[in-house]
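> start-v7.pdb (PDB, C-alpha atoms, pLDDT in the B column) pasted underneath:
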ATOM      1  CA  MET A   1     -19.206  46.818  -0.386  1.00 50.00           C
ATOM      2  CA  PRO A   2     -18.632  44.518   2.647  1.00 50.00           C
ATOM      3  CA  PRO A   3     -15.167  44.367   4.197  1.00 52.00           C
ATOM      4  CA  PRO A   4     -12.998  41.437   3.089  1.00 55.00           C
ATOM      5  CA  ALA A   5     -13.205  38.343   5.269  1.00 58.00           C
ATOM      6  CA  ARG A   6     -10.230  37.798   7.506  1.00 71.00           C
ATOM      7  CA  SER A   7      -8.236  34.631   6.984  1.00 86.00           C
ATOM      8  CA  LEU A   8      -8.847  31.693   9.290  1.00 85.00           C
ATOM      9  CA  ALA A   9      -5.332  31.961  10.730  1.00 87.00           C
ATOM     10  CA  ARG A  10      -5.906  35.595  11.658  1.00 90.00           C
ATOM     11  CA  ARG A  11      -9.299  34.811  13.216  1.00 88.00           C
ATOM     12  CA  LEU A  12      -7.766  31.950  15.247  1.00 91.00           C
ATOM     13  CA  LEU A  13      -5.019  34.173  16.638  1.00 93.00           C
ATOM     14  CA  ALA A  14      -6.945  35.547  19.644  1.00 92.00           C
ATOM     15  CA  PRO A  15      -8.495  32.286  20.915  1.00 94.00           C
ATOM     16  CA  VAL A  16      -5.293  30.291  20.338  1.00 94.00           C
ATOM     17  CA  ALA A  17      -3.203  32.964  22.095  1.00 96.00           C
ATOM     18  CA  THR A  18      -5.668  32.943  24.998  1.00 95.00           C
ATOM     19  CA  LEU A  19      -5.480  29.147  25.244  1.00 95.00           C
ATOM     20  CA  ALA A  20      -1.683  29.272  25.067  1.00 96.00           C
ATOM     21  CA  GLY A  21      -1.526  31.828  27.890  1.00 97.00           C
ATOM     22  CA  VAL A  22      -3.872  29.846  30.117  1.00 96.00           C
ATOM     23  CA  ALA A  23      -2.058  26.586  29.297  1.00 96.00           C
ATOM     24  CA  ALA A  24       1.270  28.230  30.191  1.00 97.00           C
ATOM     25  CA  ALA A  25      -0.132  29.469  33.509  1.00 96.00           C
ATOM     26  CA  PHE A  26      -1.541  26.025  34.343  1.00 96.00           C
ATOM     27  CA  ALA A  27       1.755  24.391  33.307  1.00 97.00           C
ATOM     28  CA  TYR A  28       3.647  26.708  35.650  1.00 96.00           C
ATOM     29  CA  VAL A  29       1.282  26.074  38.560  1.00 95.00           C
ATOM     30  CA  GLY A  30       1.404  22.357  37.794  1.00 95.00           C
ATOM     31  CA  THR A  31       5.197  22.442  37.952  1.00 95.00           C
ATOM     32  CA  VAL A  32       5.732  24.829  40.884  1.00 95.00           C
ATOM     33  CA  ASP A  33       3.767  23.336  43.770  1.00 93.00           C
ATOM     34  CA  PRO A  34       1.752  25.961  45.697  1.00 94.00           C
ATOM     35  CA  ASN A  35       1.604  23.569  48.660  1.00 90.00           C
ATOM     36  CA  GLU A  36       5.274  24.293  49.340  1.00 90.00           C
ATOM     37  CA  PRO A  37       5.741  27.599  51.178  1.00 87.00           C
ATOM     38  CA  GLY A  38       7.609  30.463  49.550  1.00 87.00           C
ATOM     39  CA  HIS A  39       6.643  29.927  45.917  1.00 88.00           C
ATOM     40  CA  TYR A  40       3.617  32.224  45.762  1.00 91.00           C
ATOM     41  CA  PRO A  41       2.504  35.261  47.773  1.00 90.00           C
ATOM     42  CA  VAL A  42      -0.047  34.852  50.539  1.00 88.00           C
ATOM     43  CA  CYS A  43      -3.583  36.136  49.928  1.00 89.00           C
ATOM     44  CA  PRO A  44      -3.621  39.653  51.450  1.00 92.00           C
ATOM     45  CA  LEU A  45      -7.197  39.278  52.713  1.00 92.00           C
ATOM     46  CA  LEU A  46      -6.308  36.042  54.505  1.00 91.00           C
ATOM     47  CA  ARG A  47      -3.065  37.483  55.833  1.00 92.00           C
ATOM     48  CA  PHE A  48      -4.599  40.648  57.313  1.00 95.00           C
ATOM     49  CA  THR A  49      -8.086  39.466  58.309  1.00 94.00           C
ATOM     50  CA  GLY A  50      -7.980  35.667  58.509  1.00 91.00           C
ATOM     51  CA  VAL A  51     -10.933  35.520  56.086  1.00 93.00           C
ATOM     52  CA  TYR A  52     -10.819  33.208  53.062  1.00 94.00           C
ATOM     53  CA  CYS A  53     -11.608  35.108  49.862  1.00 93.00           C
ATOM     54  CA  PRO A  54     -13.346  33.383  46.926  1.00 93.00           C
ATOM     55  CA  GLY A  55      -9.935  32.799  45.324  1.00 93.00           C
ATOM     56  CA  CYS A  56      -8.170  31.304  48.350  1.00 93.00           C
ATOM     57  CA  GLY A  57      -7.011  27.811  47.473  1.00 93.00           C
ATOM     58  CA  GLY A  58      -7.251  28.540  43.760  1.00 94.00           C
ATOM     59  CA  LEU A  59      -3.582  27.818  43.061  1.00 94.00           C
ATOM     60  CA  ARG A  60      -3.720  24.554  45.034  1.00 95.00           C
ATOM     61  CA  SER A  61      -6.901  23.718  43.141  1.00 96.00           C
ATOM     62  CA  ALA A  62      -5.234  24.413  39.784  1.00 96.00           C
ATOM     63  CA  HIS A  63      -2.201  22.331  40.795  1.00 97.00           C
ATOM     64  CA  ALA A  64      -4.383  19.364  41.745  1.00 97.00           C
ATOM     65  CA  PHE A  65      -6.503  19.813  38.597  1.00 97.00           C
ATOM     66  CA  VAL A  66      -3.394  19.733  36.383  1.00 96.00           C
ATOM     67  CA  HIS A  67      -2.318  16.512  38.081  1.00 97.00           C
ATOM     68  CA  GLY A  68      -5.764  14.963  37.542  1.00 96.00           C
ATOM     69  CA  ASP A  69      -6.720  14.938  41.230  1.00 96.00           C
ATOM     70  CA  LEU A  70     -10.274  16.260  40.983  1.00 96.00           C
ATOM     71  CA  PRO A  71     -11.309  15.532  44.622  1.00 95.00           C
ATOM     72  CA  THR A  72      -8.335  17.535  45.917  1.00 95.00           C
ATOM     73  CA  ALA A  73      -9.004  20.309  43.402  1.00 96.00           C
ATOM     74  CA  LEU A  74     -12.630  20.532  44.552  1.00 95.00           C
ATOM     75  CA  GLY A  75     -11.532  20.512  48.195  1.00 94.00           C
ATOM     76  CA  ALA A  76      -9.076  23.364  47.653  1.00 94.00           C
ATOM     77  CA  ASN A  77     -11.546  25.618  45.805  1.00 95.00           C
ATOM     78  CA  ALA A  78     -14.733  24.143  44.344  1.00 95.00           C
ATOM     79  CA  LEU A  79     -15.728  27.433  42.741  1.00 95.00           C
ATOM     80  CA  ALA A  80     -12.427  27.572  40.841  1.00 96.00           C
ATOM     81  CA  VAL A  81     -13.064  24.094  39.414  1.00 96.00           C
ATOM     82  CA  VAL A  82     -16.467  25.278  38.212  1.00 96.00           C
ATOM     83  CA  GLY A  83     -14.646  28.232  36.654  1.00 95.00           C
ATOM     84  CA  TYR A  84     -12.256  25.890  34.821  1.00 96.00           C
ATOM     85  CA  GLY A  85     -15.251  24.110  33.323  1.00 95.00           C
ATOM     86  CA  LEU A  86     -16.953  27.356  32.318  1.00 95.00           C
ATOM     87  CA  PHE A  87     -13.725  28.567  30.745  1.00 95.00           C
ATOM     88  CA  GLY A  88     -13.467  25.316  28.761  1.00 95.00           C
ATOM     89  CA  VAL A  89     -17.026  25.674  27.471  1.00 95.00           C
ATOM     90  CA  LEU A  90     -16.465  29.322  26.564  1.00 94.00           C
ATOM     91  CA  MET A  91     -13.238  28.504  24.724  1.00 95.00           C
ATOM     92  CA  ALA A  92     -14.900  25.666  22.794  1.00 95.00           C
ATOM     93  CA  LEU A  93     -17.736  28.004  21.818  1.00 94.00           C
ATOM     94  CA  TRP A  94     -15.245  30.690  20.767  1.00 94.00           C
ATOM     95  CA  LEU A  95     -13.252  28.251  18.608  1.00 93.00           C
ATOM     96  CA  ILE A  96     -16.393  26.842  16.960  1.00 94.00           C
ATOM     97  CA  ARG A  97     -17.613  30.341  16.151  1.00 93.00           C
ATOM     98  CA  VAL A  98     -14.214  31.313  14.736  1.00 92.00           C
ATOM     99  CA  LEU A  99     -14.128  28.207  12.524  1.00 91.00           C
ATOM    100  CA  ARG A 100     -17.616  29.027  11.246  1.00 91.00           C
ATOM    101  CA  GLY A 101     -16.645  32.651  10.619  1.00 89.00           C
ATOM    102  CA  VAL A 102     -19.145  34.008  13.143  1.00 88.00           C
ATOM    103  CA  PRO A 103     -17.863  36.808  15.405  1.00 86.00           C
ATOM    104  CA  MET A 104     -17.765  36.097  19.126  1.00 85.00           C
ATOM    105  CA  ARG A 105     -19.864  38.561  21.066  1.00 86.00           C
ATOM    106  CA  LEU A 106     -20.073  38.161  24.804  1.00 83.00           C
ATOM    107  CA  ALA A 107     -22.636  40.577  26.194  1.00 88.00           C
ATOM    108  CA  ILE A 108     -23.584  39.844  29.780  1.00 89.00           C
ATOM    109  CA  SER A 109     -26.505  41.763  31.225  1.00 93.00           C
ATOM    110  CA  PRO A 110     -26.151  43.508  34.593  1.00 95.00           C
ATOM    111  CA  VAL A 111     -28.455  40.908  36.162  1.00 96.00           C
ATOM    112  CA  TRP A 112     -25.885  38.191  35.421  1.00 94.00           C
ATOM    113  CA  TRP A 113     -23.056  40.319  36.838  1.00 95.00           C
ATOM    114  CA  TRP A 114     -25.055  40.844  40.029  1.00 97.00           C
ATOM    115  CA  GLY A 115     -25.774  37.116  40.133  1.00 96.00           C
ATOM    116  CA  ILE A 116     -22.093  36.266  39.765  1.00 95.00           C
ATOM    117  CA  GLY A 117     -21.268  38.732  42.538  1.00 96.00           C
ATOM    118  CA  ALA A 118     -23.930  37.184  44.764  1.00 97.00           C
ATOM    119  CA  VAL A 119     -22.546  33.672  44.167  1.00 96.00           C
ATOM    120  CA  LEU A 120     -19.024  34.870  45.014  1.00 95.00           C
ATOM    121  CA  ALA A 121     -20.245  36.631  48.161  1.00 96.00           C
ATOM    122  CA  LEU A 122     -22.283  33.609  49.266  1.00 96.00           C
ATOM    123  CA  PHE A 123     -19.364  31.251  48.591  1.00 95.00           C
ATOM    124  CA  THR A 124     -17.065  33.528  50.616  1.00 94.00           C
ATOM    125  CA  LEU A 125     -19.544  33.753  53.483  1.00 95.00           C
ATOM    126  CA  VAL A 126     -20.272  30.030  53.651  1.00 95.00           C
ATOM    127  CA  ARG A 127     -16.638  28.919  53.443  1.00 94.00           C
ATOM    128  CA  ASN A 128     -15.789  31.155  56.415  1.00 94.00           C
ATOM    129  CA  LEU A 129     -18.554  29.812  58.676  1.00 94.00           C
ATOM    130  CA  PRO A 130     -18.198  26.637  60.775  1.00 93.00           C
ATOM    131  CA  PHE A 131     -20.852  24.680  58.847  1.00 92.00           C
ATOM    132  CA  GLY A 132     -19.130  25.517  55.541  1.00 88.00           C
ATOM    133  CA  SER A 133     -15.651  24.449  56.603  1.00 88.00           C
ATOM    134  CA  ALA A 134     -15.665  21.782  53.870  1.00 88.00           C
ATOM    135  CA  LEU A 135     -15.402  24.654  51.348  1.00 89.00           C
ATOM    136  CA  ALA A 136     -12.381  26.189  53.092  1.00 88.00           C
ATOM    137  CA  PRO A 137      -9.000  25.399  51.526  1.00 87.00           C
TER     138      PRO A 137
END
Could the structure of this file be written out as structure tokens, please?

Amino acid sequence: MPPPARSLARRLLAPVATLAGVAAAFAYVGTVDPNEPGHYPVCPLLRFTGVYCPGCGGLRSAHAFVHGDLPTALGANALAVVGYGLFGVLMALWLIRVLRGVPMRLAISPVWWWGIGAVLALFTLVRNLPFGSALAP
């Protein structure tokens, strides 16, 4: 005998809670300006080595994104803006699957993980070189 189907409200709990958490984080960053010193800690990699990590400028990017300033968001951290879009697509897919009663399975092969790592490494390398200064925050 198959297990009883979970109610829609119970199935929506995880994606809605995830959206609420991300919305709360974006609301906080949108309210507390990371461009003003003293509100957020400094990136340890930048502080100790002077090298921009792939996340450097991410808070400034999120702040600009919340305020609808896409050019500034892209200038602060273009990779983060791509991440916001990917997150939005993933959340839409998750919600559609939940509404249809189909379980969400996210299985990423090792090739994709290596690819993501390579993109992050390349982004970090390029944004720290003189010709890639447009990618630096």
> Starting from the PyMOL selection byres ((chain A and resi 110-126) around 8), expand the selection into actual residues of this file and give them as JSON, numbers by chain.
{"A": [52, 53, 54, 79, 108, 109, 127, 128, 129, 131, 132, 133, 135]}
> Find the residues near stretch 55-61 of chain A: any atom within 6 Å, counting all atoms listed in the file, skip ones fewer than 6 places away on the same chain, and give them as a PDB file with C-alpha atoms, in the coordinates of the input.

ATOM      1  CA  PRO A  34       1.752  25.961  45.697  1.00 94.00           C
ATOM      2  CA  ALA A  73      -9.004  20.309  43.402  1.00 96.00           C
ATOM      3  CA  ALA A  76      -9.076  23.364  47.653  1.00 94.00           C
ATOM      4  CA  ASN A  77     -11.546  25.618  45.805  1.00 95.00           C
ATOM      5  CA  PRO A 137      -9.000  25.399  51.526  1.00 87.00           C
TER       6      PRO A 137
END
> What is the atom CA of A:Gly30 to atom CA of A:His67 distance in Å?
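Separation of atom CA of A:Gly30 and atom CA of A:His67: 6.9 Å.
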> Distance atom CA of A:Arg10-atom CA of A:Ile96, one decimal place?
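It comes out at 14.7 Å.
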> Rounded to one decimal place, report the atom CA of A:Val42-atom CA of A:Thr72 distance in Å.
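Computing it gives 19.7 Å between the two atoms.
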> A:Val22, A:His63, A:Val51, A:Ala107: which is nearest A:Glu36, counting all atoms listed in the file?
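Distance minimum relative to A:Glu36 lands on A:His63.
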> Can you translate the PyMOL selection byres ((chain A and resi 85-95) around 12) into the concrete residues it hits in this file, as a VMD selection string?
chain A and resid 8 to 9 11 to 20 22 to 23 62 65 78 to 84 96 to 106
> Using only C-alpha atoms, find the one residue out of A:Ala134, A:Val32, A:Ala27, A:Cys43 that sits nearest to A:Val66.
A:Ala27
> Hey, could you pull the box centre and edge lengths for stretch 106-125 of chain A, axis-aligned, 4 Å padding per side, all listed atoms, to one decimal in Å, as AutoDock Vina command-line options?

--center_x -22.8 --center_y 37.4 --center_z 39.1 --size_x 19.4 --size_y 20.3 --size_z 36.7
